[in-house]
>>> print(open('target.csv').read())   # CSV, C-alpha atoms
chain,number,residue,atom,x,y,z
A,517,MET,CA,0.0,0.0,0.0
A,518,THR,CA,1.8,3.1,-1.2
A,519,GLU,CA,-1.1,5.6,-1.2
A,520,GLY,CA,-0.5,8.6,1.0
A,521,LYS,CA,3.1,7.6,1.9
A,522,THR,CA,5.7,10.3,1.6
A,523,ILE,CA,9.4,9.8,1.1
A,524,LEU,CA,12.1,12.4,1.6
A,525,THR,CA,15.0,12.0,-0.8
A,526,VAL,CA,18.2,13.9,0.1
A,527,ASP,CA,21.0,14.2,-2.4
A,528,ASP,CA,23.2,17.0,-3.6
A,529,SER,CA,23.2,15.6,-7.1
A,530,GLY,CA,20.2,16.9,-9.0
A,531,SER,CA,20.2,14.0,-11.5
A,532,LEU,CA,20.2,11.4,-8.7
A,533,ARG,CA,17.4,13.1,-6.9
A,534,GLN,CA,15.4,13.2,-10.1
A,535,MET,CA,16.0,9.5,-10.7
A,536,VAL,CA,15.1,8.5,-7.2
A,537,SER,CA,12.0,10.7,-7.3
A,538,PHE,CA,11.0,9.2,-10.7
A,539,VAL,CA,11.3,5.6,-9.5
A,540,LEU,CA,9.4,6.2,-6.2
A,541,LYS,CA,6.6,8.3,-7.8
A,542,ASP,CA,6.2,5.6,-10.4
A,543,ALA,CA,5.8,3.1,-7.5
A,544,GLY,CA,3.0,5.3,-6.2
A,545,TYR,CA,4.7,7.4,-3.4
A,546,ASP,CA,4.7,11.1,-2.8
A,547,VAL,CA,8.3,12.4,-2.9
A,548,ILE,CA,9.9,15.4,-1.4
A,549,GLU,CA,13.4,16.4,-2.6
A,550,ALA,CA,16.1,18.0,-0.5
A,551,THR,CA,19.5,19.2,-1.8
A,552,ASP,CA,21.6,18.5,1.3
A,553,GLY,CA,21.4,17.4,4.9
A,554,ARG,CA,20.4,20.8,6.2
A,555,ASP,CA,17.6,21.2,3.6
A,556,GLY,CA,16.5,17.6,4.4
A,557,LEU,CA,16.4,18.3,8.1
A,558,GLU,CA,14.4,21.5,7.6
A,559,LYS,CA,11.9,19.7,5.4
A,560,ALA,CA,11.6,16.7,7.8
A,561,ARG,CA,10.9,19.1,10.7
A,562,THR,CA,8.1,20.9,8.8
A,563,GLN,CA,6.4,18.0,6.9
A,564,HIS,CA,5.2,14.5,7.6
A,565,ILE,CA,7.7,11.9,6.2
A,566,ASP,CA,7.2,8.1,6.2
A,567,LEU,CA,10.7,7.2,5.0
A,568,VAL,CA,14.0,9.0,4.4
A,569,LEU,CA,16.5,8.1,1.7
A,570,THR,CA,19.7,10.0,2.0
A,571,ASP,CA,23.1,10.3,0.3
A,572,GLN,CA,26.1,10.2,2.6
A,573,ASN,CA,28.6,12.7,1.1
A,574,MET,CA,27.1,16.1,0.9
A,575,PRO,CA,28.3,19.6,1.6
A,576,GLY,CA,27.4,21.0,5.0
A,577,LEU,CA,25.4,18.4,6.8
A,578,ASP,CA,26.2,14.9,5.5
A,579,GLY,CA,24.1,11.8,5.6
A,580,LEU,CA,25.3,10.5,9.0
A,581,GLY,CA,24.8,14.0,10.5
A,582,LEU,CA,21.3,14.1,9.1
A,583,ILE,CA,20.4,10.7,10.6
A,584,ARG,CA,21.7,11.7,14.0
A,585,ALA,CA,19.8,14.9,13.9
A,586,LEU,CA,16.6,13.2,12.8
A,587,ARG,CA,16.9,10.4,15.5
A,588,ALA,CA,17.1,13.2,18.1
A,589,ILE,CA,13.6,14.4,17.0
A,590,LYS,CA,10.8,12.4,18.7
A,591,LYS,CA,8.7,11.8,15.5
A,592,TYR,CA,11.7,10.4,13.7
A,593,LYS,CA,12.8,7.9,16.3
A,594,THR,CA,11.4,4.9,14.3
A,595,VAL,CA,10.9,6.3,10.8
A,596,PRO,CA,12.9,4.1,8.4
A,597,ILE,CA,16.1,5.8,7.1
A,598,LEU,CA,18.1,4.4,4.2
A,599,ILE,CA,21.6,5.6,3.1
A,600,LEU,CA,22.1,5.6,-0.7
A,601,THR,CA,25.8,6.1,-1.4
A,602,THR,CA,28.9,5.2,-3.4
A,603,GLU,CA,30.6,4.3,-0.1
A,604,THR,CA,31.2,0.6,0.4
A,605,GLY,CA,33.5,0.5,3.4
A,606,GLU,CA,32.5,-1.6,6.5
A,607,ASP,CA,33.6,1.2,8.9
A,608,ILE,CA,31.3,3.9,7.4
A,609,LYS,CA,28.5,1.3,7.2
A,610,ALA,CA,29.0,0.6,10.9
A,611,GLN,CA,28.8,4.3,11.6
A,612,GLY,CA,25.6,4.5,9.6
A,613,ARG,CA,24.1,1.6,11.6
A,614,ALA,CA,25.2,3.2,14.9
A,615,ALA,CA,23.7,6.6,13.8
A,616,GLY,CA,20.3,4.9,13.4
A,617,ALA,CA,20.1,4.0,9.7
A,618,ASN,CA,17.9,1.0,8.8
A,619,GLY,CA,19.8,0.1,5.6
A,620,TRP,CA,22.6,0.8,3.2
A,621,ILE,CA,22.2,0.9,-0.6
A,622,VAL,CA,25.2,1.1,-2.8
A,623,LYS,CA,25.1,3.3,-6.0
A,624,PRO,CA,24.4,2.7,-8.7
A,625,PHE,CA,21.1,1.5,-7.4
A,626,ASP,CA,18.7,-1.0,-9.1
A,627,PRO,CA,15.4,0.9,-9.4
A,628,ALA,CA,13.2,-2.2,-9.0
A,629,GLN,CA,15.1,-3.3,-5.9
A,630,LEU,CA,15.0,0.2,-4.4
A,631,ALA,CA,11.2,0.3,-4.9
A,632,GLU,CA,10.9,-3.2,-3.3
A,633,VAL,CA,13.0,-2.3,-0.3
A,634,VAL,CA,11.0,0.9,0.3
A,635,ARG,CA,7.8,-1.1,0.0
A,636,LYS,CA,9.0,-3.6,2.6
A,637,LEU,CA,10.0,-0.9,5.1
A,638,ILE,CA,6.8,1.2,4.9
A,639,ALA,CA,4.2,-1.4,4.0
B,208,MET,CA,63.0,19.6,0.6
B,209,SER,CA,60.2,19.3,-2.0
B,210,ARG,CA,61.0,19.1,-5.7
B,211,ALA,CA,59.0,22.4,-6.3
B,212,ALA,CA,61.4,24.2,-3.9
B,213,HIS,CA,64.4,23.5,-6.3
B,214,GLU,CA,62.6,24.9,-9.3
B,215,PRO,CA,62.8,28.6,-10.3
B,216,ALA,CA,59.8,30.7,-9.4
B,217,SER,CA,58.9,31.4,-13.0
B,218,GLU,CA,58.7,27.7,-13.8
B,219,ARG,CA,56.6,27.0,-10.8
B,220,ALA,CA,54.2,29.8,-11.7
B,221,GLY,CA,54.0,28.4,-15.3
B,222,GLY,CA,53.2,24.9,-13.9
B,223,GLY,CA,50.6,26.5,-11.7
B,224,SER,CA,48.8,28.2,-14.5
B,225,HIS,CA,48.7,24.9,-16.5
B,226,LEU,CA,47.2,23.2,-13.4
B,227,GLU,CA,44.7,26.1,-13.1
B,228,GLU,CA,43.7,25.5,-16.7
B,229,VAL,CA,43.2,21.8,-16.0
B,230,GLU,CA,41.1,22.6,-13.0
B,231,ARG,CA,38.9,24.9,-15.1
B,232,ASP,CA,38.5,22.2,-17.8
B,233,LEU,CA,37.5,19.7,-15.2
B,234,ALA,CA,34.9,22.1,-13.8
B,235,GLN,CA,33.5,22.7,-17.3
B,236,MET,CA,33.5,19.0,-18.0
B,237,ASN,CA,31.6,18.4,-14.8
B,238,ALA,CA,29.0,21.1,-15.7
B,239,LEU,CA,28.6,19.7,-19.3
B,240,LEU,CA,28.1,16.2,-18.0
B,241,GLU,CA,25.5,17.4,-15.5
B,242,ALA,CA,23.6,19.4,-18.2
B,243,ALA,CA,23.7,16.4,-20.6
B,244,ILE,CA,22.4,14.0,-18.0
B,245,GLU,CA,19.6,16.4,-17.0
B,246,LYS,CA,18.5,16.6,-20.6
B,247,LEU,CA,18.7,12.8,-21.1
B,248,LEU,CA,16.6,12.3,-17.9
B,249,VAL,CA,13.9,14.8,-19.0
B,250,SER,CA,13.7,13.0,-22.4
B,251,PHE,CA,13.8,9.6,-20.8
B,252,MET,CA,11.0,10.5,-18.4
B,253,SER,CA,8.8,11.9,-21.2
B,254,ILE,CA,9.3,8.8,-23.3
B,255,HIS,CA,8.4,6.7,-20.3
B,256,ARG,CA,5.2,8.7,-19.7
B,257,GLY,CA,4.3,8.4,-23.4
B,258,VAL,CA,4.8,4.6,-23.4
B,259,ALA,CA,2.7,4.3,-20.2
B,260,SER,CA,-0.1,6.3,-21.8
B,261,GLN,CA,0.0,4.0,-24.9
B,262,GLU,CA,-0.1,1.0,-22.7
B,263,ALA,CA,-3.2,2.2,-20.9
B,264,MET,CA,-4.9,3.0,-24.2
B,265,LEU,CA,-4.2,-0.4,-25.6
B,266,ARG,CA,-5.4,-2.1,-22.4
B,267,GLN,CA,-8.6,-0.2,-22.6
B,268,SER,CA,-9.0,-1.1,-26.3
B,269,SER,CA,-8.5,-4.8,-25.5
B,270,LEU,CA,-11.2,-4.6,-22.8
B,271,GLU,CA,-13.7,-2.8,-25.2
B,272,HIS,CA,-12.9,-5.1,-28.1
B,273,PRO,CA,-12.6,-8.8,-27.1
B,274,GLU,CA,-11.2,-9.6,-30.6
B,275,PHE,CA,-8.0,-7.9,-29.5
B,276,SER,CA,-7.6,-10.2,-26.5
B,277,ALA,CA,-5.2,-12.4,-28.5
B,278,CYS,CA,-2.8,-9.5,-28.3
B,279,SER,CA,-2.9,-9.4,-24.5
B,280,ALA,CA,-0.2,-11.9,-23.9
B,281,ARG,CA,2.1,-10.1,-26.4
B,282,MET,CA,1.3,-6.8,-24.7
B,283,GLU,CA,2.3,-8.3,-21.3
B,284,ASN,CA,5.6,-9.4,-22.7
B,285,LEU,CA,6.2,-6.0,-24.2
B,286,ARG,CA,5.4,-4.4,-20.9
B,287,ALA,CA,7.9,-6.6,-19.1
B,288,ASP,CA,10.5,-5.8,-21.7
B,289,ILE,CA,9.9,-2.1,-21.4
B,290,ALA,CA,10.1,-2.3,-17.5
B,291,ARG,CA,13.4,-4.1,-17.8
B,292,HIS,CA,14.9,-1.6,-20.2
B,293,VAL,CA,13.7,1.3,-18.0
B,294,ASN,CA,15.4,-0.3,-15.0
B,295,GLU,CA,18.6,-0.8,-16.9
B,296,ALA,CA,18.6,2.8,-18.4
B,297,LEU,CA,18.0,4.3,-14.9
B,298,SER,CA,20.9,2.2,-13.5
B,299,GLY,CA,23.2,3.4,-16.4
B,300,LEU,CA,22.2,7.0,-16.1
B,301,GLN,CA,23.7,7.1,-12.6
B,302,PHE,CA,27.2,7.2,-14.1
B,303,GLN,CA,27.2,11.0,-13.9
B,304,ASP,CA,26.9,11.0,-10.1
B,305,MET,CA,30.0,8.8,-9.8
B,306,THR,CA,32.0,10.6,-12.4
B,307,SER,CA,31.1,13.9,-10.9
B,308,GLN,CA,32.5,12.8,-7.5
B,309,LEU,CA,35.7,11.6,-9.2
B,310,ILE,CA,36.1,14.9,-11.1
B,311,ARG,CA,35.7,16.8,-7.8
B,312,ARG,CA,38.3,14.6,-6.2
B,313,MET,CA,40.7,15.2,-9.2
B,314,ALA,CA,40.1,18.9,-9.0
B,315,SER,CA,40.8,18.9,-5.3
B,316,HIS,CA,44.1,17.1,-5.9
B,317,LEU,CA,45.1,19.5,-8.6
B,318,SER,CA,44.2,22.5,-6.4
B,319,THR,CA,46.5,21.0,-3.6
B,320,LEU,CA,49.3,20.5,-6.2
B,321,ARG,CA,48.9,24.0,-7.5
B,322,GLU,CA,49.1,25.5,-4.1
B,323,GLU,CA,52.2,23.4,-3.3
B,324,ILE,CA,53.9,24.6,-6.4
B,325,GLY,CA,52.9,28.2,-5.6
B,326,GLY,CA,54.2,27.8,-2.1
B,327,ALA,CA,50.8,28.3,-0.5
B,328,GLU,CA,49.3,26.0,2.2
B,329,PRO,CA,47.6,23.0,0.5
B,330,CYS,CA,44.0,22.4,1.1
B,331,ASN,CA,43.6,19.2,3.1
B,332,ALA,CA,39.9,18.7,2.5
B,333,GLN,CA,39.5,15.7,0.1
B,334,PRO,CA,36.3,14.5,-1.4
B,335,ARG,CA,35.7,10.8,-0.6
B,336,VAL,CA,37.1,8.2,-3.0
B,337,VAL,CA,34.7,6.4,-5.4
B,338,SER,CA,35.6,2.7,-5.5
B,339,GLN,CA,33.2,1.6,-8.2
B,340,ARG,CA,34.9,0.5,-11.5
B,341,HIS,CA,31.8,-0.7,-13.4
B,342,MET,CA,28.1,0.1,-13.7
B,343,GLU,CA,26.8,-3.0,-12.1
B,344,CYS,CA,24.2,-2.2,-9.5
B,345,GLY,CA,25.4,-2.1,-5.9
B,346,ASP,CA,24.3,-4.2,-2.9
B,347,ILE,CA,21.4,-3.5,-0.6
B,348,GLU,CA,21.9,-4.3,3.1
B,349,LEU,CA,19.1,-3.9,5.7
B,350,PHE,CA,20.4,-3.6,9.3
>>> encode(input="target.csv", output="structure tokens")
Amino acid sequence: MTEGKTILTVDDSGSLRQMVSFVLKDAGYDVIEATDGRDGLEKARTQHIDLVLTDQNMPGLDGLGLIRALRAIKKYKTVPILILTTETGEDIKAQGRAAGANGWIVKPFDPAQLAEVVRKLIA
Amino acid sequence: MSRAAHEPASERAGGGSHLEEVERDLAQMNALLEAAIEKLLVSFMSIHRGVASQEAMLRQSSLEHPEFSACSARMENLRADIARHVNEALSGLQFQDMTSQLIRRMASHLSTLREEIGGAEPCNAQPRVVSQRHMECGDIELF
């Protein structure tokens, strides 16, 4: 059931944001785009979000910083957060898990798999 | 003592200007790639919307005209083929994000090198390395 579910996608790459947005809208979700961690945090504070999909390496506030900030907000304690990144190292992945991420997706992502994982997490 | 310190100032300055040119070219290449991928994406999404509309019309026609039902199986195959191609195209189009990160990393190294040649303090902030060497889709791991 995707109706009425809103996903926040945070990435400093415009083309990646467009692609993620296209895939998720095609799967039936409402999508809000943010250009970096600070923008993402601001949009998350002011709007209702059911799942967050964030890049890791961004200027200003990075993905890990965004996750820590979101987990400190009561309404985002349990909202699923996925990191979508080119990073593959176990150390950074462990930091993501410790920060409160629910999953790690390595770019380039497979659109069908992305939609499936999102569906599983917010079904 | 660094190699740059042994070279005459004029040669160092010349090397620095070459590096500055390379930095500018890299920035331009990055901007061109970004603009190209944006255009490709817009076209791709328009094509996808057009195909989806055609599919919906054909589906409606086959419901209204039972004689077309023989085409249904073929249409389903075509739909699956299109979905697979869309998936592959979207995976492939992500190359720009990775190349852009690599270009920024190269530009950062060049900037450091230019500053070292010029005798200025190098900038230590480095963009993260991109390890991907192919366009196969990455893993998904749920914690």
>>> interface_residues(input="target.csv", of="chain B", to="chain A", cutoff="6 Å", atoms="all atoms listed in the file", output="list in words")
Asn294, Ser298, Gln301, Cys344, Gly345, Asp346, Ile347, Glu348, Leu349 and Phe350 of chain B
>>> closest_residue(input="target.csv", among="B:Leu297, B:Gly325, B:Asn284, B:Arg311", to="Arg231 of chain B", atoms="all atoms listed in the file")
B:Arg311
>>> closest_residue(input="target.csv", among="B:Asp304, B:Glu228, B:Asp288, B:Glu295", to="Glu241 of chain B", atoms="all atoms listed in the file")
B:Asp304
>>> atom_distance(input="target.csv", atom1="atom CA of Arg286 of chain B", atom2="atom CA of Glu262 of chain B")
7.9 Å
>>> residues_around(input="target.csv", residues="Leu265 of chain B", least_positions_apart="5", cutoff="12 Å", atoms="only C-alpha atoms", output="list of chain:residue names")
B:Val258, B:Ala259, B:Ser260, B:Leu270, B:Glu271, B:His272, B:Pro273, B:Phe275, B:Ser276, B:Cys278, B:Ser279, B:Arg281, B:Met282, B:Glu283, B:Leu285, B:Arg286
>>> closest_residue(input="target.csv", among="A:Asp555, A:Ala614, A:Gly581, A:Ile565", to="Pro596 of chain A", atoms="all atoms listed in the file")
A:Ile565
>>> decode(input="target.csv", residues="segment 597-608 of chain A", atoms="N, CA, C and O atoms", output="tab-separated table (two decimals), in the first residue's frame")
chain	number	residue	atom	x	y	z
A	597	ILE	N	15.11	4.93	7.80
A	597	ILE	CA	16.07	5.79	7.09
A	597	ILE	C	17.07	4.90	6.35
A	597	ILE	O	17.69	4.02	6.94
A	598	LEU	N	17.19	5.14	5.06
A	598	LEU	CA	18.14	4.38	4.23
A	598	LEU	C	19.23	5.31	3.72
A	598	LEU	O	18.95	6.46	3.38
A	599	ILE	N	20.46	4.80	3.67
A	599	ILE	CA	21.56	5.58	3.09
A	599	ILE	C	21.82	5.05	1.68
A	599	ILE	O	21.95	3.84	1.48
A	600	LEU	N	21.85	5.97	0.72
A	600	LEU	CA	22.11	5.62	-0.68
A	600	LEU	C	23.42	6.31	-1.05
A	600	LEU	O	23.48	7.53	-1.14
A	601	THR	N	24.47	5.52	-1.26
A	601	THR	CA	25.80	6.11	-1.38
A	601	THR	C	26.74	5.30	-2.27
A	601	THR	O	26.47	4.12	-2.54
A	602	THR	N	27.82	5.93	-2.69
A	602	THR	CA	28.87	5.19	-3.41
A	602	THR	C	29.80	4.48	-2.42
A	602	THR	O	30.60	3.64	-2.82
A	603	GLU	N	29.69	4.83	-1.16
A	603	GLU	CA	30.59	4.28	-0.13
A	603	GLU	C	30.30	2.80	0.13
A	603	GLU	O	29.13	2.42	0.29
A	604	THR	N	31.37	2.00	0.20
A	604	THR	CA	31.18	0.57	0.42
A	604	THR	C	31.93	0.05	1.65
A	604	THR	O	31.82	-1.12	1.99
A	605	GLY	N	32.70	0.92	2.32
A	605	GLY	CA	33.54	0.48	3.44
A	605	GLY	C	32.72	0.02	4.65
A	605	GLY	O	31.66	0.57	4.94
A	606	GLU	N	33.24	-1.02	5.31
A	606	GLU	CA	32.54	-1.55	6.48
A	606	GLU	C	32.51	-0.55	7.64
A	606	GLU	O	31.54	-0.51	8.40
A	607	ASP	N	33.57	0.26	7.77
A	607	ASP	CA	33.63	1.24	8.86
A	607	ASP	C	32.50	2.26	8.77
A	607	ASP	O	31.80	2.51	9.75
A	608	ILE	N	32.36	2.83	7.57
A	608	ILE	CA	31.34	3.87	7.40
A	608	ILE	C	29.94	3.26	7.52
A	608	ILE	O	29.02	3.88	8.05
